[in-house]
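First up is the structure itself, then whatever we jot down about it.
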Amino acid sequence: MKSISETDLILNPDGSIYHLNLRPEDIANTIITVGDPNRVEVVSKYFDKVEKKVSKREFVTHTGYLGSTRITVISSGIGTDNVEILMNELDALVNVDLPTRTTKQEHTSLNIIRIGTSGSLQESIPVDSYVVSKRGIGFDALGHFYPTAKSAFSEAIQAQMNLDFLSYTSSGSQKLYDLLFDDKNTLYFEGNTVTCPGFYAPQGRVLRYNPKQENLLQKFNQFSFQGNVLTNLEMETAGYYLFGELLGHEVLSMSAIVASRMTHQFSKNPEKHTESLIQQVLEKITRL
Ligand code: R1P
Ligand code: URA
């Protein structure tokens, strides 16, 4: 057992954890995460009963029941810096005794499913399809501060794309992958997902500047390593997978493809497409 200081693990006066504003009893072991705080309601409206609603900053939480399955849905806001807070605090809620700030002897593993939006990098992955991420490749800075395994995938990306920095590669949960990717629906694609530290230049978008990385989209599109291509761009998956591996949680990231970066098409109804993914996940989640 390890004791943690009160500035390393900050609690609010009511005993809830600092940013999420939650206590251990407020969360289920099965958690859906979304980026957009407004999407929390889009998920929880399908619950048979909502027992708890809490919000602070971008972290909006609803916990309730779908049949007899207790589920929490929580928003992260955008980016892996938010995911870092979310995953550390969710883990502390189940694996640290908060009143004494000591780690528990028995480890609890959460099931965490991200339902987000994303842009596709391959013409073969069209708008209004879905990507289930096998790997997350982090172009953000989390890998400088948390232990990440040496990755041939990231090394190949650095060499082929001629980058002056090394990404980190982390993997999703095989258990959740098998559960949620079982029907071989032709609209579902297995993903090597690039997690970017921004929406514009880091995803190859050019507005009123010349980006530092030239032809980034083409380089993403053309990368290939042992038969794997890069499938899509978003802003959280690699962070989720890093903490899933580090802290021992089952984590899977699923994305509704709302933009095809190769054909320059954007979904005519991204909300409907994303809600359809939510419905499909909820149909299967009660099997957990
Ligand atoms: C950018 O528009 C946001 O959309 C994607 C990206 O990861 C980023 O958070 O996910 P969400 O729709 O879940 O927010
Ligand atoms: N989210 C992203 O991060 N990128 C896109 O292109 C679409 C959604």
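So you can find residues: chains in the structure tokens are A, B, ... in the order shown, residues in each start at 1, and ligands are numbered from 1 in order.
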Point to revise | Residue contacts of segment 123-128 of chain A (10 Å, only C-alpha atoms) excluding same-chain residues fewer than 4 positions away, as a PyMOL selection string | key: chain A and resi 118-119+187-189+221+231-232+256-270+272-274+276
Using N, CA, C and O atoms, can you export the residues from the last selection as a short mmCIF file (atom, residue, chain, number, x, y, z; two decimals), in the first residue's frame?
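Everything below was put into part30.cif:
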data_model
loop_
_atom_site.label_atom_id
_atom_site.label_comp_id
_atom_site.auth_asym_id
_atom_site.auth_seq_id
_atom_site.Cartn_x
_atom_site.Cartn_y
_atom_site.Cartn_z
N SER A 118 -14.14 11.54 -35.86
CA SER A 118 -12.79 11.45 -36.41
C SER A 118 -12.79 11.72 -37.91
O SER A 118 -13.83 11.65 -38.56
N GLY A 119 -11.61 12.02 -38.43
CA GLY A 119 -11.44 12.20 -39.88
C GLY A 119 -10.66 11.03 -40.45
O GLY A 119 -9.66 10.61 -39.86
N LEU A 187 -19.41 -1.39 -42.58
CA LEU A 187 -19.14 0.03 -42.29
C LEU A 187 -18.11 0.20 -41.18
O LEU A 187 -17.75 1.30 -40.82
N TYR A 188 -17.66 -0.92 -40.59
CA TYR A 188 -16.69 -0.86 -39.51
C TYR A 188 -15.29 -1.19 -40.03
O TYR A 188 -15.11 -2.17 -40.74
N PHE A 189 -14.32 -0.38 -39.64
CA PHE A 189 -12.93 -0.62 -40.06
C PHE A 189 -12.05 -0.72 -38.82
O PHE A 189 -12.24 0.00 -37.84
N ASN A 221 -1.24 9.46 -45.14
CA ASN A 221 -1.97 8.60 -46.07
C ASN A 221 -1.07 7.51 -46.67
O ASN A 221 -1.50 6.37 -46.85
N THR A 231 -5.25 4.93 -40.31
CA THR A 231 -6.65 4.97 -40.75
C THR A 231 -7.35 6.30 -40.50
O THR A 231 -8.16 6.75 -41.31
N ASN A 232 -7.06 6.94 -39.35
CA ASN A 232 -7.87 8.12 -39.00
C ASN A 232 -7.16 9.03 -38.01
O ASN A 232 -6.20 8.63 -37.35
N ALA A 256 -16.87 7.69 -35.04
CA ALA A 256 -17.74 7.92 -36.20
C ALA A 256 -16.94 8.80 -37.16
O ALA A 256 -16.47 9.88 -36.78
N ILE A 257 -16.78 8.33 -38.37
CA ILE A 257 -16.01 9.11 -39.36
C ILE A 257 -16.91 10.21 -39.92
O ILE A 257 -17.89 9.92 -40.62
N VAL A 258 -16.58 11.45 -39.58
CA VAL A 258 -17.39 12.58 -40.04
C VAL A 258 -16.73 13.35 -41.18
O VAL A 258 -17.37 14.17 -41.84
N ALA A 259 -15.43 13.08 -41.39
CA ALA A 259 -14.72 13.78 -42.48
C ALA A 259 -13.85 12.77 -43.22
O ALA A 259 -13.22 11.91 -42.58
N SER A 260 -13.85 12.86 -44.55
CA SER A 260 -12.87 12.09 -45.33
C SER A 260 -11.81 13.08 -45.78
O SER A 260 -12.06 13.92 -46.64
N ARG A 261 -10.62 12.99 -45.21
CA ARG A 261 -9.60 14.00 -45.51
C ARG A 261 -9.04 13.82 -46.91
O ARG A 261 -8.49 14.75 -47.48
N MET A 262 -9.20 12.62 -47.48
CA MET A 262 -8.65 12.40 -48.82
C MET A 262 -9.60 12.90 -49.90
O MET A 262 -9.18 13.43 -50.91
N THR A 263 -10.92 12.75 -49.66
CA THR A 263 -11.88 13.20 -50.69
C THR A 263 -12.48 14.56 -50.35
O THR A 263 -13.30 15.09 -51.10
N HIS A 264 -12.10 15.10 -49.19
CA HIS A 264 -12.58 16.42 -48.74
C HIS A 264 -14.10 16.45 -48.52
O HIS A 264 -14.73 17.49 -48.70
N GLN A 265 -14.67 15.33 -48.15
CA GLN A 265 -16.12 15.30 -47.88
C GLN A 265 -16.36 15.37 -46.37
O GLN A 265 -15.61 14.75 -45.60
N PHE A 266 -17.41 16.07 -45.98
CA PHE A 266 -17.82 16.10 -44.58
C PHE A 266 -19.23 15.51 -44.48
O PHE A 266 -20.06 15.72 -45.38
N SER A 267 -19.50 14.78 -43.41
CA SER A 267 -20.81 14.14 -43.24
C SER A 267 -21.94 15.16 -43.32
O SER A 267 -21.83 16.26 -42.78
N LYS A 268 -23.03 14.74 -43.96
CA LYS A 268 -24.21 15.64 -44.06
C LYS A 268 -24.95 15.69 -42.72
O LYS A 268 -25.68 16.63 -42.45
N ASN A 269 -24.76 14.67 -41.89
CA ASN A 269 -25.44 14.66 -40.60
C ASN A 269 -24.56 13.97 -39.53
O ASN A 269 -24.82 12.83 -39.12
N PRO A 270 -23.51 14.67 -39.08
CA PRO A 270 -22.56 14.04 -38.14
C PRO A 270 -23.21 13.64 -36.81
O PRO A 270 -22.83 12.61 -36.24
N LYS A 272 -26.33 12.59 -36.29
CA LYS A 272 -27.11 11.36 -36.48
C LYS A 272 -26.16 10.15 -36.60
O LYS A 272 -26.40 9.08 -36.02
N HIS A 273 -25.07 10.35 -37.32
CA HIS A 273 -24.11 9.27 -37.52
C HIS A 273 -23.47 8.87 -36.18
O HIS A 273 -23.31 7.67 -35.89
N THR A 274 -23.13 9.85 -35.36
CA THR A 274 -22.51 9.56 -34.06
C THR A 274 -23.53 8.89 -33.13
O THR A 274 -23.20 7.95 -32.40
N SER A 276 -25.93 7.01 -34.02
CA SER A 276 -26.09 5.62 -34.47
C SER A 276 -24.99 4.73 -33.86
O SER A 276 -25.25 3.59 -33.45
#
List every residue of segment 154-207 of chain A that DSSP, applied to the backbone of this structure, assigns to strand (DSSP E or B), and report them as an mmCIF file with N, CA, C and O atoms, in the first residue's frame.
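In the end it all went to selection30.cif:
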data_model
loop_
_atom_site.group_PDB
_atom_site.id
_atom_site.type_symbol
_atom_site.label_atom_id
_atom_site.label_comp_id
_atom_site.auth_asym_id
_atom_site.auth_seq_id
_atom_site.Cartn_x
_atom_site.Cartn_y
_atom_site.Cartn_z
ATOM 1 N N TYR A 168 4.307 7.885 -29.629
ATOM 2 C CA TYR A 168 4.212 6.658 -28.831
ATOM 3 C C TYR A 168 3.021 5.856 -29.342
ATOM 4 O O TYR A 168 2.059 6.425 -29.862
ATOM 5 N N THR A 169 3.120 4.540 -29.227
ATOM 6 C CA THR A 169 2.042 3.676 -29.711
ATOM 7 C C THR A 169 1.517 2.849 -28.551
ATOM 8 O O THR A 169 2.287 2.246 -27.804
ATOM 9 N N SER A 170 0.199 2.851 -28.379
ATOM 10 C CA SER A 170 -0.420 2.039 -27.327
ATOM 11 C C SER A 170 -1.612 1.295 -27.941
ATOM 12 O O SER A 170 -2.101 1.677 -29.004
ATOM 13 N N SER A 171 -2.054 0.225 -27.261
ATOM 14 C CA SER A 171 -3.067 -0.654 -27.861
ATOM 15 C C SER A 171 -4.353 -0.684 -27.056
ATOM 16 O O SER A 171 -4.336 -0.538 -25.835
ATOM 17 N N TYR A 188 -17.664 -0.919 -40.586
ATOM 18 C CA TYR A 188 -16.689 -0.858 -39.507
ATOM 19 C C TYR A 188 -15.290 -1.187 -40.030
ATOM 20 O O TYR A 188 -15.110 -2.166 -40.744
ATOM 21 N N PHE A 189 -14.315 -0.381 -39.643
ATOM 22 C CA PHE A 189 -12.933 -0.622 -40.057
ATOM 23 C C PHE A 189 -12.048 -0.725 -38.823
ATOM 24 O O PHE A 189 -12.242 0.001 -37.845
ATOM 25 N N GLU A 190 -11.060 -1.636 -38.917
ATOM 26 C CA GLU A 190 -10.077 -1.769 -37.840
ATOM 27 C C GLU A 190 -9.068 -0.626 -37.985
ATOM 28 O O GLU A 190 -8.610 -0.353 -39.095
ATOM 29 N N GLY A 191 -8.726 0.028 -36.861
ATOM 30 C CA GLY A 191 -7.967 1.263 -37.004
ATOM 31 C C GLY A 191 -6.601 1.324 -36.369
ATOM 32 O O GLY A 191 -6.357 0.784 -35.291
ATOM 33 N N ASN A 192 -5.685 1.994 -37.077
ATOM 34 C CA ASN A 192 -4.441 2.505 -36.505
ATOM 35 C C ASN A 192 -4.626 4.020 -36.455
ATOM 36 O O ASN A 192 -4.461 4.712 -37.459
ATOM 37 N N THR A 193 -5.026 4.488 -35.294
ATOM 38 C CA THR A 193 -5.543 5.845 -35.150
ATOM 39 C C THR A 193 -4.454 6.805 -34.690
ATOM 40 O O THR A 193 -3.779 6.537 -33.693
ATOM 41 N N VAL A 194 -4.297 7.896 -35.424
ATOM 42 C CA VAL A 194 -3.305 8.910 -35.032
ATOM 43 C C VAL A 194 -3.992 9.934 -34.132
ATOM 44 O O VAL A 194 -5.001 10.532 -34.508
ATOM 45 N N THR A 195 -3.439 10.108 -32.935
ATOM 46 C CA THR A 195 -3.972 11.069 -31.969
ATOM 47 C C THR A 195 -3.121 12.335 -32.029
ATOM 48 O O THR A 195 -1.912 12.291 -31.796
#
Give me the residues within 7 Å of Thr103 of chain A as a PDB file with N, CA, C and O atoms, in the first residue's frame, counting only C-alpha atoms and dropping any in the same chain fewer than 4 places off.
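Result file is out06.pdb:
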ATOM      1  N   MET A   1       0.848  -1.206   0.000  1.00  0.00           N
ATOM      2  CA  MET A   1       0.000   0.000   0.000  1.00  0.00           C
ATOM      3  C   MET A   1       0.873   1.241   0.000  1.00  0.00           C
ATOM      4  O   MET A   1       1.885   1.289   0.669  1.00  0.00           O
ATOM      5  N   LYS A   2       0.456   2.226  -0.781  1.00  0.00           N
ATOM      6  CA  LYS A   2       1.253   3.439  -0.915  1.00  0.00           C
ATOM      7  C   LYS A   2       0.425   4.627  -0.465  1.00  0.00           C
ATOM      8  O   LYS A   2      -0.747   4.745  -0.815  1.00  0.00           O
ATOM      9  N   SER A   3       1.058   5.506   0.289  1.00  0.00           N
ATOM     10  CA  SER A   3       0.365   6.692   0.769  1.00  0.00           C
ATOM     11  C   SER A   3       0.643   7.858  -0.195  1.00  0.00           C
ATOM     12  O   SER A   3       1.772   8.060  -0.633  1.00  0.00           O
ATOM     13  N   ASN A  95      -9.189   2.649  -7.285  1.00  0.00           N
ATOM     14  CA  ASN A  95      -7.993   1.955  -6.796  1.00  0.00           C
ATOM     15  C   ASN A  95      -7.254   2.659  -5.651  1.00  0.00           C
ATOM     16  O   ASN A  95      -6.193   2.199  -5.227  1.00  0.00           O
ATOM     17  N   VAL A  96      -7.802   3.778  -5.175  1.00  0.00           N
ATOM     18  CA  VAL A  96      -7.221   4.449  -4.007  1.00  0.00           C
ATOM     19  C   VAL A  96      -8.332   4.619  -2.975  1.00  0.00           C
ATOM     20  O   VAL A  96      -9.468   4.969  -3.319  1.00  0.00           O
ATOM     21  N   ASP A  97      -7.999   4.347  -1.719  1.00  0.00           N
ATOM     22  CA  ASP A  97      -8.943   4.642  -0.633  1.00  0.00           C
ATOM     23  C   ASP A  97      -8.844   6.150  -0.382  1.00  0.00           C
ATOM     24  O   ASP A  97      -7.833   6.631   0.157  1.00  0.00           O
TER      25      ASP A  97
END
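Counting only C-alpha atoms, the residue from A:Ser109, A:Gln160, A:Ser16, A:Thr186 that sits nearest to Ser173 of chain A is A:Ser109.
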Write out as JSON lines a residue-level contact list of chain A versus ligand 1 with cut-off 7 Å: for each qualifying residue the closest pair of atoms and the distance in Å to one decimal, counting only C-alpha atoms and all ligand atoms, rows sorted by chain and residue number upward.
{"residue": "A:Val34", "atom": "CA", "partner": "ligand 1", "partner_atom_place_in_ligand_line": "13 (O)", "distance": 4.8}
{"residue": "A:Gly35", "atom": "CA", "partner": "ligand 1", "partner_atom_place_in_ligand_line": "13 (O)", "distance": 3.5}
{"residue": "A:Asp36", "atom": "CA", "partner": "ligand 1", "partner_atom_place_in_ligand_line": "14 (O)", "distance": 5.0}
{"residue": "A:Gly77", "atom": "CA", "partner": "ligand 1", "partner_atom_place_in_ligand_line": "14 (O)", "distance": 6.4}
{"residue": "A:Ile78", "atom": "CA", "partner": "ligand 1", "partner_atom_place_in_ligand_line": "9 (O)", "distance": 3.9}
{"residue": "A:Gly79", "atom": "CA", "partner": "ligand 1", "partner_atom_place_in_ligand_line": "9 (O)", "distance": 5.6}
{"residue": "A:Ile115", "atom": "CA", "partner": "ligand 1", "partner_atom_place_in_ligand_line": "13 (O)", "distance": 6.1}
{"residue": "A:Gly116", "atom": "CA", "partner": "ligand 1", "partner_atom_place_in_ligand_line": "13 (O)", "distance": 3.3}
{"residue": "A:Thr117", "atom": "CA", "partner": "ligand 1", "partner_atom_place_in_ligand_line": "12 (O)", "distance": 3.9}
{"residue": "A:Ser118", "atom": "CA", "partner": "ligand 1", "partner_atom_place_in_ligand_line": "5 (C)", "distance": 5.4}
{"residue": "A:Phe199", "atom": "CA", "partner": "ligand 1", "partner_atom_place_in_ligand_line": "1 (C)", "distance": 6.2}
{"residue": "A:Glu234", "atom": "CA", "partner": "ligand 1", "partner_atom_place_in_ligand_line": "7 (O)", "distance": 3.9}
{"residue": "A:Met235", "atom": "CA", "partner": "ligand 1", "partner_atom_place_in_ligand_line": "7 (O)", "distance": 3.6}
{"residue": "A:Glu236", "atom": "CA", "partner": "ligand 1", "partner_atom_place_in_ligand_line": "7 (O)", "distance": 5.2}
What's the 8 Å shell around Glu58 of chain A, counting only C-alpha atoms, without same-chain residues fewer than 3 positions away, as a short mmCIF file (atom, residue, chain, number, x, y, z; two decimals) with all heavy atoms, in the first residue's frame?
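To be explicit, this is the file written out as selection08.cif:
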data_model
loop_
_atom_site.label_atom_id
_atom_site.label_comp_id
_atom_site.auth_asym_id
_atom_site.auth_seq_id
_atom_site.Cartn_x
_atom_site.Cartn_y
_atom_site.Cartn_z
N PRO A 37 -19.41 17.59 -24.11
CA PRO A 37 -20.30 17.49 -22.93
C PRO A 37 -21.77 17.34 -23.32
O PRO A 37 -22.52 16.66 -22.60
CB PRO A 37 -20.06 18.82 -22.20
CG PRO A 37 -18.68 19.24 -22.61
CD PRO A 37 -18.51 18.76 -24.03
N SER A 55 -21.58 17.77 -12.74
CA SER A 55 -20.73 18.39 -13.76
C SER A 55 -19.79 19.40 -13.14
O SER A 55 -20.10 20.06 -12.14
CB SER A 55 -21.58 19.02 -14.86
OG SER A 55 -22.13 20.21 -14.44
N SER A 75 -18.03 13.11 -20.06
CA SER A 75 -17.34 13.83 -21.15
C SER A 75 -15.95 14.25 -20.70
O SER A 75 -15.73 14.57 -19.53
CB SER A 75 -18.14 15.07 -21.56
OG SER A 75 -18.34 15.92 -20.47
N SER A 76 -15.04 14.26 -21.68
CA SER A 76 -13.64 14.63 -21.39
C SER A 76 -13.30 16.02 -21.89
O SER A 76 -12.28 16.58 -21.49
CB SER A 76 -12.69 13.64 -22.07
OG SER A 76 -12.81 13.74 -23.48
N GLY A 77 -14.14 16.59 -22.78
CA GLY A 77 -13.65 17.74 -23.53
C GLY A 77 -12.66 17.24 -24.57
O GLY A 77 -12.54 16.03 -24.81
#
Review point. What is the atom CA of Val131 of chain A to atom CA of Asn162 of chain A distance in Å?
Key: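 According to the coordinates, atom CA of Val131 of chain A and atom CA of Asn162 of chain A are separated by 26.2 Å.
In this comparison, which uses only C-alpha atoms, the residue of A:Thr63, A:Ser129, A:Thr30, A:Gln218 approaching Leu277 of chain A most closely is A:Ser129.
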Determine which residues of segment 86-263 of chain A DSSP labels as helix (DSSP H, G or I) from the backbone of this structure, then write them out as a compact mmCIF listing (two decimals) with C-alpha atoms, in the first residue's frame.
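The result, stored in selection.txt:
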# COMPACT_ATOMS: atom_id res chain seq x y z
CA LEU A 86 -9.97 11.86 -16.54
CA MET A 87 -8.08 8.55 -16.50
CA ASN A 88 -5.99 9.35 -13.41
CA GLU A 89 -9.04 10.46 -11.44
CA LEU A 90 -11.24 7.54 -12.58
CA ASP A 91 -8.45 5.16 -11.57
CA ALA A 92 -8.07 6.86 -8.17
CA LEU A 93 -11.83 6.55 -7.58
CA VAL A 94 -11.59 2.76 -7.76
CA ASN A 95 -7.99 1.96 -6.80
CA LEU A 142 2.09 12.52 -22.84
CA GLY A 143 4.74 10.00 -23.87
CA HIS A 144 7.42 12.36 -22.50
CA ALA A 152 8.61 -0.35 -34.00
CA PHE A 153 5.39 1.23 -35.32
CA SER A 154 6.33 4.68 -33.98
CA GLU A 155 9.92 4.29 -35.19
CA ALA A 156 8.68 3.44 -38.70
CA ILE A 157 6.43 6.52 -38.64
CA GLN A 158 9.31 8.76 -37.64
CA ALA A 159 11.56 7.36 -40.38
CA GLN A 160 9.00 7.26 -43.21
CA MET A 161 7.44 10.62 -42.41
CA GLN A 174 -8.75 -7.13 -27.04
CA LYS A 175 -11.67 -8.11 -24.78
CA LEU A 176 -13.69 -5.01 -25.67
CA TYR A 177 -12.58 -5.21 -29.30
CA ASP A 178 -13.99 -8.75 -29.62
CA LEU A 179 -17.22 -7.71 -27.92
CA LEU A 180 -17.90 -4.53 -29.89
CA ALA A 201 -1.90 22.01 -38.47
CA PRO A 202 -1.33 18.76 -36.49
CA GLN A 203 -4.09 17.18 -38.66
CA LEU A 216 1.47 16.01 -43.59
CA LEU A 217 -1.80 14.52 -44.84
CA GLN A 218 -0.11 12.84 -47.80
CA LYS A 219 2.56 11.43 -45.48
CA PHE A 220 -0.09 10.04 -43.11
CA ASN A 221 -1.97 8.60 -46.07
CA GLN A 222 1.04 6.93 -47.65
CA THR A 237 -7.31 7.64 -28.39
CA ALA A 238 -3.55 7.17 -27.76
CA GLY A 239 -3.91 8.86 -24.36
CA TYR A 240 -6.74 6.52 -23.38
CA TYR A 241 -4.74 3.48 -24.48
CA LEU A 242 -1.59 4.67 -22.69
CA PHE A 243 -3.49 4.83 -19.38
CA GLY A 244 -5.38 1.60 -20.07
CA GLU A 245 -2.02 -0.18 -20.35
CA LEU A 246 -0.34 1.73 -17.50
CA LEU A 247 -3.15 1.50 -14.95
Practice item. Pick out the closest residue to Gly172 of chain A from this set: A:Glu250, A:Glu51, A:Asp14, A:Glu106. Count only C-alpha atoms. Key: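 Closest residue, counting only C-alpha atoms: A:Glu250.
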Revision key, fill the gap. Here atom CA of Gly227 of chain A and atom 1 (N, counted along the ligand's line) of ligand 2 stand apart by 25.0 Å
Review point. What lies within 8 Å of Val73 of chain A using only C-alpha atoms, ignoring chain neighbours under 5 positions off, as JSON, numbers by chain?
Key: {"A": [31, 32, 33, 34, 40, 43, 44, 61, 62, 63]}
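Across the structure, atom 2 (C, counted along the ligand's line) of ligand 2 and atom CA of Lys284 of chain A are spaced 25.2 Å apart.
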Check your understanding: Which polymer residues have any atom within 10 Å of an atom of Ile4 of chain A, counting only C-alpha atoms, with same-chain residues fewer than 6 positions away left out, as a ChimeraX atom specification?
Key -> /A:10,96,98,100-103
Review point. Pick the closest to ligand 2 from A:Asn228, A:Ser120, A:Thr286, A:Ser133: which is it, counting only C-alpha atoms and all ligand atoms?
Key: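 Comparing A:Asn228, A:Ser120, A:Thr286, A:Ser133 against ligand 2, the winner is A:Ser120.
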Review point. Which of these residues is nearest to Asp26 of chain A, using only C-alpha atoms: A:Leu11, A:Leu166, A:Ile278, A:Val54?
Key: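 Among the listed residues, the smallest separation from Asp26 of chain A belongs to A:Val54.
Residue nearest ligand 2 within the list A:Leu163, A:Ile71, A:Leu121, A:Leu252: A:Leu121 [criterion: smallest interatomic distance, only C-alpha atoms and all ligand atoms].
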